[in-house]
Every structure is written in C-alpha cells, then in structure tokens.
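This report concerns only the one structure given below.
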Amino acid sequence: MSRITLTDLSRSYGPVEVLKHIDLDIRDGELIVFVGPSGCGKSTLLRQIAGLDRPTSGKIEIDGRDVTRVPAADRGLAMVFQSYALYPHMSVRQNLAFGLENARMAKDEIEKRIQEAARMLEISAYLDRRPGQLSGGQRQRVAIGRAIVRNPTAFLLDEPLSNLDAELRISTRAELAALHKRLGTTMVYVTHDQIEAMTLAHRIVVLRAGRIEQVGTPLELYNKPANRFVAGFIGAPRMNFLPASMFPGSAAAEIGIRPQHLRRATPGETGLKTTVVMIEALGSETVIHAENGGQRVLAVLPGQQQLSPGDEIALAYDAKDLHPFDKDGLRLP
Amino acid sequence: MSRATEFVFRRRGGRGWHWTDLFTWFWLVAGFVLMFGPAIWLVNSSFKTPAALAEFPPTILPYVTAEVTVEGYDKPLQLFEVTLEDGSVRVFAEVRRVGTVAQMVDPANPAEIIRVNIKDRTPVRTVSFATENYVQPFLAFDMFRYLSNSVFVTVMATIITLITNSMAAFALSKYNFRGRATVMVLIVATLMIPLSVILVPLYSVIAGMGLFNSLWGVILPTVATPTGVFMLRQYMLTIPDELIDAARMDKASEWQIYWRIILPLTAPALAVLAIFSVVWRWNDFLWPLIVLSRRELYTLQVALNTYAGETNVQWHFLLAMTVITMIPVVLVFVFLQRFITTGIAGAGLK
C-alpha cells in the first residue's frame with residue numbers, strides 16, 4: 001500500500017513561489033509522471049515528497065499518515081537521481097548495501113537482496129566494480145538497483161533517463177515500464193520529455209510555473225487538453241493555434257488543431273488555403289510547414305509527398321479534431 | 001644521453017647565444033646556488049669538527065689535518081708538506097711552533113729537528129666526516145626523547161587537525177544556516193592574525209587550563225587552522241549535493257554522511273592538509289618554546305635551541321641535529337609534492 005496525498009502544498013524560496021497550492025492524489029501502484037518545461041517546479045515537488053525539502057505550507061500524507069515533518073530516511077521511499085548519485089568511492093555492491101546497512105539489516109539478508117536485484121537488473125557481472133568503471137547505462141541500472149534493494153513503498157525517479165543516449169533511453173524506458181509491472185510499486189517519475197511521459201505513465205501531471213495544469217491519462221491529455229498550455233505541450237510536432245476567424249462559425253477565441261489531423265483536401269473539399277514554405281521528408285511521413293496570411297501551419301502528411309516550396313495546397317480537417325479555446329486559453333466544451 | 005644534453009643546452013634561435021639564453025642560465029644558476037647553497041653547506045658543515053668549523057676561510061667539504069704518531073712524542077703530530085730550500089717537497093710532522101718558525105721532524109727520522117718558516121709549509125689535509133656529531137647527541141643528550149616528543153606532537157596535532165577542520169568544512173560547505181558566510185569570513189580573517197599577536201592571551205588560556213608544560217598545550221591551540229578549513233571547504237563544495245541527498249534517502253545519519261561519504265571523497269584535500277600540518281607542527285618553534293619549560297618535554301626544535309648557550313654555541317651538534325630535524329620535512333616534500341601542487345591548485349591557495 002502506498003498512496004501519496006498532497007494537500008494545498010506550497011513552497012517558496014524567499015519571495016519566489018516555486019510551488020503554488022498543489023493538490024494531488026497518487027494512487028497505490030500507479031506510475032505517475034510529472035512533466036513540464038524546465039523551472040516548472042516538478043523536481044521541487046518530487047523533493048517535497050522525498051522529504052529532501054520541506055514545504056512552506058500544506059500537507060503530505062503517505063497511506064494516510066502525515067509525513068510533512070518526517071525526515072527523508074523515515075518515509076520509506078527510494079529515489080533515483082538524474083546524475084545517479086552513486087557513491088564513487090564504493091563498489092557497486094557497497095552502493096547497493098549502504099542503505100540496508102544503515103537500516104541495520106542482517107548481513108545475509110543484505111546479500112540476498114543484492115543478488116536478487118543484481119539478477120533482475122543484470123548487473124551481477126560488475127558488482128565489484130566502482131561506478132567510475134561503468135558505462136552510463138550500467139550506472140543507471142545500479143542507481144535503480146540501489147532503490148530496489150530497499151523494498152520501498154514508492155519509487156521516486158528524477159529524470160532518470162536524461163543522461164543516456166537516444167537509443168539506450170528507449171530500451172531503458174521499456175525496461176522501466178516492465179519493472180514497474182513486475183514490482184507493482186507506486187512510482188513517481190519526473191521528466192521534461194513528453195514522449196517519455198506519454199509512453200510510461202498511467203497518469204500524467206502537467207505542471208507549469210508551480211501549478212498543476214492538468215492531471216489525466218496520456219490519451220485524455222492528448223484528446224482533451226484542458227487548456228492551451230497542455231495542448232501545446234503534449235504531442236509532437238506542437239499543435240497549431242490559429243485565430244478562430246479562419247474557421248467560419250466558431251465561437252472560440254482560438255482554435256487548436258494537431259498537425260496529424262490535417263490532410264490534403266480532396267477536389268471539391270474546402271480547407272485552409274496555404275502556401276508551402278518548407279518540407280521535412282521523414283520517409284514514412286512528411287512534415288509540411290505552410291503559411292496562411294502570416295499564420296504558420298504545420299501539417300504531418302502520411303507517406304512521401306510530391307511538393308515543393310511555393311506550392312499552393314488546401315489542408316482539410318474534421319470538425320471533431322478542432323480544440324476550441326477561449327481568450328484565457330481555457331478549453332471550451 | 002645526447003638527447004638530454006641537447007635538451008639542456010638548447011638555445012633560442014639555433015646556433016648563437018641570444019641574450020635571453022645567457023640571462024636564463026645566469027638566473028637558473030644563481031637560483032640554484034641561492035636555494036641549494038645553504039642546504040649543501042649545512043649538510044657538509046654538520047660533518048666538520050669544531051676546529052674545522054672555526055676555520056677561516058671556510059671550506060665546502062669537511063677537511064681534517066692528517067696526523068701521525070712519531071716515536072718519542074706522546075701526542076699525535078700534525079703533518080705538513082714542506083718546501084725545502086733546494087726546492088724539494090717533503091712531508092714533516094710539526095712538533096711546535098715558535099713565532100714564524102715551526103720546529104718539525106721527519107717521521108722516518110724523529111731524532112733530528114728541522115726548523116721551517118711557516119710560509120713554506122701547508123697542512124696535509126684529507127676529507128673526513130665527523131660522524132660523532134650525529135652519534136654523540138643521541139648518546140650524551142636525550143635526543144631520542146626530543147624526537148619522540150616531536151613525533152607525538154606532530155602526529156596528534158595532524159590527526160586532530162584533519163578531524164576538526166573537515167567537520168567545520170563539512171558544515172560550512174554542505175549545510176545552509178544563517179550566518180554561514182559570516183562564520184566563513186571570520187575564519188578566513190584569522191589568517192591575518194599572526195601568532196605573536198595572540199601569544200600572551202593564548203598563554204594565559206593554556207596556563208589557566210593547566211596545560212602549561214604539557215605536550216597537549218602545544219598541540220591543542222594549533223589544531224584549528226583557517227587554511228585547513230578553507231582548503232577543505234573549497235574541495236567539499238565540488239562534491240555534488242545529490243550524493244548527500246542519496247545518502248539521506250539511504251537512511252544515513254548526518255554523522256554517517258560525514259564519515260562514510262564526505263571524508264573518503266575529500267581524501268586528496270585531506271592528504272594535502274596532512275602534509276601541511278606535518279610540516280607546520282614539525283617546524284614549530286616559538287609556541288613550544290613558550291609552553292614547554294621542562295627539558296624532558298622539549299620538542300626537537302626547542303632542544304636544538306639549547307645547543308646555543310649564552311657564551312658558547314656548540315655548532316657541530318647544532319648543525320648535525322638540524323640536518324636530522326630537516327629529514328622528515330624533506331622526505332615529505334620529495335615523495336608527496338605531487339599532492340601538494342594538485343591540492344594547492346585545487347583549493348586556489350598560495
């Protein structure tokens with residue numbers, strides 16, 4: 001059981017409010033991802049949960065127990081850091097054992113847990129090496145191993161993949177998802193990469209400037225973004241935001257449409273009249289940068305398109321794919 | 001070998017001697033003499049007999065005049081090379097000297113006395129090392145006791161310095177508390193106060209604590225060094241805070257964080273401070289001189305001072321024991337200078 005509840009949580013450093021009235025309920029066994037641009041407070045929020053930093057006001061509960069004033073060591077959580085934070089002077093084995101020794105666990109139990117974690121993460125071969133002798137991916141595994149051996153009530157992961165190269169990131173991401181499935185433990189995952197968030201999360205928490213913008217499953221956020229910020233943040237390439245005047249009969253201030261939802265109009269179909277400015281041919285799809293009266297429009301068209309800059313094309317869409325926003329950027333029904 | 005000489009004699013712009021070549025050679029040779037001259041002189045002089053030390057002009061190497069036992073004379077006689085009137089050179093032993101005339105004998109024919117003008121004779125001298133300068137102090141004086149006092153003071157002071165300074169540096173580098181910057185400035189500011197300024201109050205404190213005439217009275221006032229705190233703090237600032245966060249998540253107490261994470265990672269800076277501390281404490285003179293008045297508590301440096309009496313300085317012992325006291329410091333610099341330079345570069349210290 002590990003349900004984490006944050007109630008009206010705020011944190012300020014002097015006059016700077018980094019977290020503003022955060023209310024969040026993290027369910028047991030859930031993999032929840034905090035995502036947002038850098039400086040949005042997602043890492044600070046994670047540190048509040050970990051107990052490495054204290055909130056200015058508000059309450060943190062783990063399984064109904066108020067832990068707001070409980071030190072990090074006694075919250076029963078484990079954390080994986082962005083830099084891995086492996087102790088460079090200790091071998092991998094000592095790194096894994098450190099937390100258990102501090103908890104005064106019996107020697108043979110420690111060894112058993114290390115072996116188990118090492119087998120699960122396939123790091124048995126280099127238990128006696130120092131972190132400095134390991135590759136980035138291996139260090140990453142050790143960092144996760146150090147969290148696993150503790151048998152925590154929840155895992156906190158602070159951008160754990162950001163120091164890996166692109167290829168390794170994708171495979172490690174899949175392994176993390178598998179690991180979560182196997183352990184079934186609550187995981188709180190911080191990232192600035194929305195693809196990571198979309199692929200891993202049960203639920204995503206989108207943060208901006210210390211506030212929660214929206215909480216929901218990846219597809220909820222994609223299909224029904226609550227506001228213009230979430231709409232722009234989730235999905236790649238970014239959603240087009242166009243003045244409502246370009247869409248006859250709309251009551252909204254602004255209309256958002258994802259580049260994937262635009263297609264070339266068939267003869268007789270009406271659509272946005274645009275001029276092609278740039279073409280990015282990716283093989284399986286083609287990203288068109290087009291312009292309509294000074295408005296940039298991005299469209300992702302399937303396959304390979306016979307187009308060149310300067311061509312006039314009409315881009316059609318379905319009305320159900322439009323996201324209307326009011327003048328404050330909030331979604332209209 | 002030829003490549004080494006080629007390297008040493010490499011000159012600016014090929015063949016000719018540019019003035020900068022000459023200047024560099026002059027500068028380096030002068031520097032060498034200036035730095036090594038006194039040390040070489042000290043070591044060589046420490047092997048001289050008191051008579052050779054008093055000689056003028058002084059020599060670099062320790063010479064003694066050769067002596068020979070001649071039949072009919074109780075004491076050994078000194079040997080001289082004598083240039084006779086016919087121009088031949090003979091070796092005679094001097095019996096006595098009267099004014100400018102020396103009475104000499106041929107060791108092969110001791111019955112006949114030969115008178116020689118002292119201008120025509122030069123002593124026969126051989127290089128000889130007076131090792132008794134080294135042996136005698138250890139036998140006649142309590143040099144071993146002074147040595148062990150010095151070692152005790154140096155080792156204890158260094159251990160306590162490392163522990164206290166690293167604790168202070170840990171707090172000043174890894175904890176955020178009100179007044180941290182002020183404390184740091186105060187500590188660094190004490191660098192500007194020399195020992196002689198606080199000598200009297202420090203003495204009162206030590207006397208008040210009953211540490212007068214105790215080796216602890218020498219050790220304790222020296223263990224808190226601003227240099228050490230500053231150097232260690234600068235080094236600890238480079239240890240990422242995430243490591244400490246990770247240790248906190250790993251249920252480590254603050255003491256364990258200090259002992260098991262921070263200290264091992266600060267080892268290079270600790271090594272430098274240890275070297276400095278050993279050299280400082282070993283060479284300390286003024287403070288031990290003030291605190292220690294009982295002979296059996298003297299450290300080496302203070303003990304050396306006793307060879308210089310009011311009317312008489314026993315230079316031969318003084319020089320020999322100075323060489324002995326220099327040895328540990330020299331060894332430290334020879335073997336550990338790599339750490340010293342990296343440590344100084346790392347901490348941005350002088």
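Residue numbering restarts at 1 in every chain; chains get A, B, ... in the order shown in the structure tokens, and ligands count up from 1 in that same order.
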When you get a sec, could you note down which chain A residues fall within 9 Å of chain B, using only C-alpha atoms, as a ChimeraX atom specification?
/A:50-52,71-89,98-100,102-103,146-147,150
Skip Phe325 of chain A itself and residues of its chain fewer than 6 positions away, then list as a ChimeraX atom specification all residues within 9 Å of it, counting only C-alpha atoms.
/A:227-228,252-256,331-333
Requested write-out: C-alpha atoms of the selected residues, as a CSV table (one decimal), in the first residue's frame:
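Final file, selection.csv:
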```csv
chain,number,residue,atom,x,y,z
A,227,ASN,CA,-6.0,24.5,-21.8
A,228,ARG,CA,-3.8,25.9,-24.4
A,252,ALA,CA,-14.0,30.4,-29.7
A,253,ALA,CA,-11.1,32.9,-29.5
A,254,GLU,CA,-8.6,30.5,-30.8
A,255,ILE,CA,-8.7,27.1,-32.5
A,256,GLY,CA,-6.1,24.4,-32.0
A,331,ARG,CA,-10.8,24.8,-23.4
A,332,LEU,CA,-14.4,25.4,-24.5
A,333,PRO,CA,-16.7,22.4,-24.4
```
Excluding segment 105-118 of chain A and any residue of its chain fewer than 4 positions from it, enumerate the residues within 12 Å of it, using only C-alpha atoms, and give them as a ChimeraX atom specification.
/A:92-101,122-128,138,141-151,179,183 /B:251
Near segment 184-188 of chain A, counting only C-alpha atoms, which residues have an atom at most 7 Å away, once you skip same-chain residues fewer than 3 positions from it, shown as a ChimeraX atom specification?
/A:2,28-33,153-157,180-181
Could those selected residues go to a file with C-alpha atoms, as a short mmCIF file (atom, residue, chain, number, x, y, z; two decimals), in the first residue's frame?
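Once written, part_5.cif looks like this:
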```cif
data_model
loop_
_atom_site.label_atom_id
_atom_site.label_comp_id
_atom_site.auth_asym_id
_atom_site.auth_seq_id
_atom_site.Cartn_x
_atom_site.Cartn_y
_atom_site.Cartn_z
CA SER A 2 1.39 3.35 -0.87
CA ASP A 28 -1.38 2.84 -4.98
CA GLY A 29 0.66 1.02 -7.61
CA GLU A 30 0.33 3.80 -10.11
CA LEU A 31 3.11 5.10 -12.37
CA ILE A 32 2.52 8.83 -12.35
CA VAL A 33 4.66 11.21 -14.38
CA THR A 153 6.81 1.79 -0.53
CA ALA A 154 7.25 4.01 -3.57
CA PHE A 155 9.93 4.90 -6.10
CA LEU A 156 10.76 8.48 -6.94
CA LEU A 157 12.62 8.95 -10.22
CA HIS A 180 7.03 -1.31 -12.71
CA LYS A 181 4.69 -4.00 -13.93
#
```
List every residue of segment 120-276 of chain B that DSSP, applied to the backbone of this structure, assigns to strand (DSSP E), and report them as a list in words.
Arg121, Thr122, Pro123, Arg125, Thr126 and Val127 of chain B
